[in-house]
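Text of the file coords_36.txt, holding compact mmCIF, C-alpha atoms:
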```txt
# COMPACT_ATOMS: atom_id res chain seq x y z
CA MET A 20 138.07 131.92 132.24
CA PHE A 21 135.43 134.39 133.39
CA GLY A 22 137.45 137.23 131.89
CA GLY A 23 137.44 135.45 128.55
CA LEU A 24 133.67 134.98 128.71
CA ARG A 25 133.18 138.65 129.51
CA GLY A 26 135.44 139.56 126.60
CA ASN A 27 133.45 137.40 124.17
CA ARG A 28 130.18 138.87 125.45
CA THR A 29 131.52 142.41 124.91
CA LYS A 30 132.51 141.58 121.35
CA ARG A 31 129.01 140.20 120.66
CA LEU A 32 127.44 143.38 121.99
CA GLN A 33 129.72 145.53 119.88
CA ARG A 34 128.78 143.62 116.73
CA THR A 35 125.07 144.27 117.32
CA SER A 36 125.33 147.92 118.42
CA PRO A 37 124.17 150.78 116.16
CA LEU A 38 127.82 151.72 115.63
CA ALA A 39 128.95 148.24 114.55
CA ALA A 40 128.88 149.11 110.84
CA VAL A 41 130.39 152.59 111.22
CA GLN A 42 134.17 152.95 111.50
CA THR A 43 134.90 155.71 114.00
CA PRO A 44 138.16 156.97 115.53
CA PRO A 45 138.45 156.78 119.34
CA ASP A 46 137.50 160.45 119.81
CA ALA A 47 134.46 160.37 117.48
CA GLY A 48 130.77 159.59 117.65
CA VAL A 49 127.98 159.13 115.14
CA LEU A 50 125.24 161.59 114.20
CA SER A 51 122.11 160.39 112.42
CA CYS A 52 118.70 161.56 111.27
CA ARG A 53 115.78 160.47 109.09
CA VAL A 54 113.96 163.14 107.07
CA LEU A 55 110.23 162.71 106.40
CA ASP A 56 107.45 164.75 104.81
CA PRO A 57 104.13 165.51 106.58
CA VAL A 58 102.67 162.13 105.50
CA ASP A 59 105.71 160.23 106.82
CA GLU A 60 107.28 159.52 103.43
CA PRO A 61 111.08 159.89 103.05
CA VAL A 62 112.29 163.18 101.56
CA THR A 63 114.85 161.68 99.21
CA ASN A 64 116.15 165.01 97.88
CA ALA A 65 116.96 166.41 101.33
CA GLU A 66 120.44 167.76 102.03
CA PHE A 67 122.14 168.26 105.37
CA THR A 68 124.96 170.44 106.68
CA VAL A 69 126.71 169.95 110.01
CA THR A 70 128.63 172.92 111.40
CA ASP A 71 130.65 173.38 114.57
CA THR A 72 130.12 176.06 117.21
CA LEU A 73 132.25 178.50 115.17
CA GLY A 74 130.02 178.10 112.11
CA ARG A 75 132.54 176.03 110.14
CA THR A 76 131.15 173.26 107.96
CA VAL A 77 132.26 169.85 109.27
CA VAL A 78 130.35 167.63 106.85
CA SER A 79 127.54 168.00 104.31
CA GLY A 80 125.75 165.84 101.78
CA GLY A 81 122.50 164.25 100.73
CA VAL A 82 120.31 161.64 102.37
CA ASP A 83 119.97 158.03 101.18
CA PRO A 84 116.87 156.66 99.36
CA TYR A 85 115.17 156.23 102.73
CA GLY A 86 115.66 159.84 103.73
CA SER A 87 118.41 159.03 106.25
CA PHE A 88 121.95 160.15 106.86
CA VAL A 89 124.60 158.73 109.20
CA THR A 90 127.93 160.45 109.65
CA ALA A 91 130.90 160.19 112.01
CA VAL A 92 132.16 163.41 113.59
CA PRO A 93 134.56 164.28 116.39
CA ALA A 94 132.90 164.46 119.79
CA GLY A 95 131.40 167.89 120.44
CA GLU A 96 128.43 170.19 119.92
CA TYR A 97 127.07 170.77 116.41
CA ARG A 98 124.43 172.67 114.49
CA VAL A 99 122.49 170.57 111.98
CA ALA A 100 120.62 172.13 109.06
CA VAL A 101 118.33 170.07 106.80
CA SER A 102 116.82 171.48 103.61
CA ALA A 103 114.89 170.23 100.59
CA GLU A 104 113.23 171.88 97.61
CA GLY A 105 109.63 172.75 98.43
CA PHE A 106 110.03 172.42 102.22
CA MET A 107 110.80 174.72 105.11
CA PRO A 108 114.37 174.25 106.42
CA TYR A 109 114.96 172.46 109.72
CA ARG A 110 117.68 173.31 112.25
CA ALA A 111 118.73 171.60 115.45
CA VAL A 112 121.60 171.37 117.95
CA ALA A 113 123.20 167.98 118.60
CA GLN A 114 125.66 166.90 121.27
CA VAL A 115 127.87 164.03 120.10
CA ALA A 116 129.81 161.96 122.64
CA GLU A 117 132.74 159.63 122.00
CA ASN A 118 131.85 156.13 120.77
CA SER A 119 128.11 156.83 120.93
CA LEU A 120 125.18 157.47 118.65
CA ALA A 121 123.52 160.91 118.71
CA SER A 122 120.26 160.53 116.79
CA LEU A 123 117.86 163.34 115.93
CA GLY A 124 115.28 160.66 115.19
CA ASP A 125 112.58 161.35 112.61
CA VAL A 126 112.57 164.96 111.42
CA THR A 127 109.39 166.10 109.65
CA LEU A 128 109.82 168.91 107.12
CA GLN A 129 106.85 171.19 106.60
CA VAL A 130 105.82 172.12 103.08
CA ALA A 131 106.97 175.63 102.14
CA ARG A 132 104.50 178.11 100.77
CA PRO A 133 105.40 178.89 97.13
CA PRO A 134 106.35 182.51 96.36
CA GLU A 135 103.54 184.75 95.14
CA LEU A 136 103.34 184.69 91.35
CA PRO A 137 103.44 187.87 89.23
CA ALA A 138 100.09 189.32 88.19
CA PRO A 139 98.69 188.29 84.78
CA GLY A 140 99.64 190.68 82.00
CA ASP A 141 102.58 191.77 79.87
CA TRP A 142 106.01 192.05 81.52
CA GLU A 143 109.44 192.77 80.08
CA ILE A 144 112.99 191.83 81.05
CA GLU A 145 114.83 194.64 82.79
CA PRO A 146 118.37 194.20 81.34
CA THR A 147 120.21 196.34 83.91
CA HIS A 148 119.45 193.79 86.62
CA SER A 149 119.49 190.68 84.44
CA SER A 150 122.24 188.57 82.89
CA ILE A 151 122.65 185.75 80.39
CA ALA A 152 125.90 183.90 81.03
CA PHE A 153 127.48 180.67 79.87
CA THR A 154 130.21 178.25 80.90
CA ALA A 155 132.11 175.95 78.56
CA ARG A 156 135.23 173.79 78.63
CA HIS A 157 138.42 174.70 76.82
CA ILE A 158 139.61 171.44 75.16
CA GLY A 159 138.07 169.57 78.10
CA LEU A 160 140.25 171.36 80.65
CA ALA A 161 139.77 174.84 82.14
CA ARG A 162 136.35 176.47 82.14
CA ILE A 163 135.58 179.48 79.96
CA HIS A 164 133.05 181.93 81.43
CA GLY A 165 131.23 184.41 79.25
CA ARG A 166 128.06 186.42 78.79
CA PHE A 167 125.96 188.26 76.24
CA ASN A 168 125.91 191.98 76.92
CA SER A 169 122.81 192.89 74.91
CA PHE A 170 119.43 191.17 74.96
CA ALA A 171 115.74 191.91 75.34
CA GLY A 172 112.73 189.88 76.30
CA ALA A 173 109.06 189.86 77.14
CA VAL A 174 106.87 187.60 79.27
CA ARG A 175 103.11 187.27 79.01
CA ILE A 176 101.90 186.04 82.39
CA ALA A 177 98.66 184.09 82.09
CA ASP A 178 96.11 182.74 84.54
CA PRO A 179 96.81 179.91 85.07
CA MET A 180 100.58 180.38 85.00
CA GLU A 181 101.04 177.23 82.90
CA ARG A 182 99.65 179.11 79.87
CA SER A 183 102.28 181.86 80.03
CA ALA A 184 104.79 182.60 77.26
CA LEU A 185 108.35 183.94 77.15
CA HIS A 186 110.34 185.47 74.27
CA ILE A 187 114.04 186.40 74.51
CA VAL A 188 116.19 187.90 71.73
CA ILE A 189 119.98 187.96 72.19
CA ASP A 190 122.43 190.03 70.14
CA ALA A 191 124.99 187.37 69.13
CA ALA A 192 127.74 189.92 68.42
CA THR A 193 127.79 191.00 72.09
CA ILE A 194 129.33 187.72 73.25
CA ASP A 195 131.99 188.53 75.84
CA THR A 196 134.50 186.16 77.46
CA GLY A 197 136.96 188.87 78.43
CA VAL A 198 139.49 187.96 75.70
CA ARG A 199 139.11 190.00 72.51
CA MET A 200 140.85 187.54 70.18
CA ARG A 201 138.71 184.67 71.46
CA ASP A 202 135.52 186.74 71.23
CA ASP A 203 136.30 187.68 67.61
CA HIS A 204 136.77 184.01 66.86
CA LEU A 205 133.47 183.09 68.55
CA ARG A 206 131.70 185.68 66.39
CA SER A 207 133.23 184.24 63.22
CA ALA A 208 131.78 181.62 60.87
CA ASP A 209 133.60 178.94 62.91
CA PHE A 210 131.11 179.41 65.74
CA LEU A 211 128.17 181.82 65.94
CA ASP A 212 128.63 183.37 62.46
CA VAL A 213 127.03 186.61 63.61
CA LEU A 214 127.00 188.14 60.11
CA SER A 215 124.67 185.39 58.89
CA PHE A 216 122.82 184.84 62.19
CA PRO A 217 122.83 188.10 64.16
CA THR A 218 120.48 186.94 66.92
CA LEU A 219 119.73 183.98 69.16
CA GLU A 220 116.04 183.63 70.03
CA PHE A 221 114.14 181.57 72.56
CA TYR A 222 110.37 181.30 72.59
CA GLY A 223 108.96 179.33 75.51
CA ASP A 224 105.27 178.48 75.68
CA ARG A 225 105.16 175.47 78.01
CA PHE A 226 105.38 176.32 81.71
CA ALA A 227 105.25 173.25 83.97
CA TYR A 228 105.14 173.49 87.78
CA ARG A 229 107.61 171.14 89.49
CA GLY A 230 106.82 171.92 93.10
CA GLY A 231 108.09 174.48 95.58
CA ALA A 232 109.65 177.33 93.62
CA ARG A 233 110.66 175.16 90.65
CA TRP A 234 109.29 175.47 87.12
CA ALA A 235 110.26 174.01 83.76
CA VAL A 236 109.96 176.35 80.78
CA THR A 237 110.14 174.51 77.46
CA GLY A 238 110.31 176.12 74.05
CA ALA A 239 112.23 176.58 70.81
CA LEU A 240 115.78 177.96 70.69
CA SER A 241 117.01 179.29 67.34
CA LEU A 242 120.81 179.45 67.13
CA HIS A 243 123.10 179.41 64.11
CA GLY A 244 120.15 178.92 61.75
CA VAL A 245 118.90 175.79 63.58
CA THR A 246 115.90 175.50 65.92
CA ARG A 247 115.80 172.92 68.70
CA THR A 248 113.56 172.24 71.71
CA VAL A 249 115.17 173.39 74.97
CA THR A 250 113.94 173.25 78.57
CA LEU A 251 114.98 175.83 81.16
CA ASP A 252 115.20 174.47 84.72
CA THR A 253 113.81 177.53 86.49
CA GLU A 254 113.74 178.68 90.11
CA TYR A 255 111.19 181.43 90.74
CA LEU A 256 112.48 183.85 93.39
CA GLY A 257 109.29 185.83 94.01
CA LEU A 258 108.21 189.47 93.96
CA GLY A 259 109.94 192.58 95.22
CA ASN A 260 110.04 196.34 94.80
CA GLY A 261 112.66 198.45 93.06
CA MET A 262 114.19 201.74 94.14
CA GLU A 263 111.20 203.68 92.84
CA GLY A 264 108.64 201.32 94.31
CA GLU A 265 107.99 199.45 91.05
CA VAL A 266 106.99 195.80 91.29
CA ARG A 267 109.58 193.29 90.08
CA ALA A 268 109.67 189.53 89.75
CA ALA A 269 112.85 187.48 89.54
CA CYS A 270 113.98 184.00 88.56
CA ARG A 271 117.08 181.94 87.86
CA ALA A 272 117.21 179.38 85.05
CA THR A 273 119.76 176.93 83.66
CA THR A 274 120.05 174.62 80.67
CA GLU A 275 122.74 172.71 78.81
CA LEU A 276 123.28 173.05 75.07
CA HIS A 277 125.24 170.79 72.73
CA ARG A 278 126.92 172.69 69.93
CA ASP A 279 126.59 169.81 67.46
CA ASP A 280 122.79 170.14 67.77
CA PHE A 281 123.11 173.60 66.22
CA THR A 282 125.58 172.61 63.42
CA VAL A 283 128.54 174.33 65.06
CA SER A 284 130.92 171.56 64.03
CA TRP A 285 133.35 170.46 66.71
CA GLN A 286 135.01 167.90 64.39
CA THR A 287 135.78 170.56 61.79
CA MET A 288 137.39 172.69 64.46
CA LEU A 289 139.60 169.83 65.58
CA ALA A 290 140.63 169.08 62.00
CA ARG A 291 141.86 172.66 61.71
CA GLY A 292 143.72 172.43 64.99
CA ILE A 293 141.48 174.98 66.70
CA ALA A 294 139.93 173.91 70.02
CA VAL A 295 138.41 176.93 71.68
CA VAL A 296 135.13 175.84 73.28
CA GLY A 297 134.01 172.36 74.30
CA PRO A 298 131.02 170.52 72.79
CA SER A 299 128.57 171.26 75.62
CA ILE A 300 127.73 174.64 77.11
CA ARG A 301 125.89 175.48 80.32
CA VAL A 302 123.69 178.56 80.13
CA ASP A 303 122.67 180.50 83.25
CA LEU A 304 120.02 183.20 83.27
CA ASP A 305 119.37 185.64 86.12
CA VAL A 306 116.32 187.62 85.14
CA GLN A 307 114.23 190.41 86.61
CA ILE A 308 110.99 191.42 84.91
CA VAL A 309 108.86 194.53 85.35
CA PRO A 310 105.35 195.32 84.08
CA LYS A 311 105.51 196.51 80.49
CA GLY A 312 105.01 200.23 80.08
```

Rendering of file as structure tokens:
Amino acid sequence: MFGGLRGNRTKRLQRTSPLAAVQTPPDAGVLSCRVLDPVDEPVTNAEFTVTDTLGRTVVSGGVDPYGSFVTAVPAGEYRVAVSAEGFMPYRAVAQVAENSLASLGDVTLQVARPPELPAPGDWEIEPTHSSIAFTARHIGLARIHGRFNSFAGAVRIADPMERSALHIVIDAATIDTGVRMRDDHLRSADFLDVLSFPTLEFYGDRFAYRGGARWAVTGALSLHGVTRTVTLDTEYLGLGNGMEGEVRAACRATTELHRDDFTVSWQTMLARGIAVVGPSIRVDLDVQIVPKG
């Protein structure tokens, strides 16, 4: 009788324990954390990585809308790294025991200092250390990776930065996916039609600060005789010095284009039985700029 009462009491305790809602194997425990900013608000874009003592990633992911994560891991010692755009990273060591909760509690991330901006004035893209690449789907299956081998650009840095402007000109005929037959087809009237439209041009004149090192650069892209508004999601990487001591600034930017927006007809291609590049294309820019002249 008393044994039965003790058993029922144990079951009630288990149902109300912090681990009641988490299914864990016998040799595992639970690791948890809540990520906050300096004013105690959840950092909802935070990401975490848990590695073992050999540096191998055990689990990684994002926090929930309350800034928290809860994960089951085998019992042992772990390194926990928490990061979020605009904040300094956080690292800690956690010891997880079997059938127990190892909580790091509330972790406060400190705001990161944004990288120093380039000085106002005229800058130009240094093509040797820059690239304009793209990724597309082949009939919705394998990815096609390519790049443009010839381009030029200039940036006028203003004070404030939000009034800056960017102009990039790309030689359409230099498209390169590593397959000559495919590249010739992409240059043809079916796609870029480089004889009629020898260049792609982007002129961006709206710089919007998004926090941390993130900027949005919005402007007009002219491709295949059509001009559309495009926004580059940009990460500013800061300033550095080249081999000869020259000042350089660098950034990475991405955007997604839809070929139908630029009258490169996907339906016509399908009607002819030619399916080379999918309807949407991701563009990735890695750019270094140097003072003009």

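Look at segment 227-231 of chain A: the protein and nucleic acid residues within 6 Å of it, using only C-alpha atoms and passing over chain neighbours fewer than 2 places away, are Gly105, Pro133, Glu181, Arg233, Trp234 and Ala235 of chain A.
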
Let me make sure I understand: among A:Thr127, A:Thr72, A:Ser149, A:Ser119, which one has the smallest atom-to-atom distance to Tyr97 of chain A if we use only C-alpha atoms?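 Closest to Tyr97 of chain A, using only C-alpha atoms: A:Thr72.
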
Could you pull the residues within 8 Å of Asp305 of chain A, counting all atoms listed in the file, minus those fewer than 4 positions along the same chain, as a ChimeraX atom specification? /A:149-151,269-272

Two-atom distance - atom CA of Val58 of chain A, atom CA of Ala100 of chain A (Å): 20.9 Å

Between A:Arg201, A:Arg301, A:Arg247, A:His148, which residue has the minimum interatomic distance to Glu275 of chain A, considering all atoms listed in the file? A:Arg301

Got a sec: who's within 12 Å of Val62 of chain A, counting all atoms listed in the file, leaving out chain neighbours fewer than 2 positions off, as a VMD selection string? chain A and resid 52 to 60 64 to 67 81 to 88 101 to 106 125 to 130

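With atom CA of Gln307 of chain A on one side and atom CA of Phe281 of chain A on the other, the separation reads 27.9 Å.
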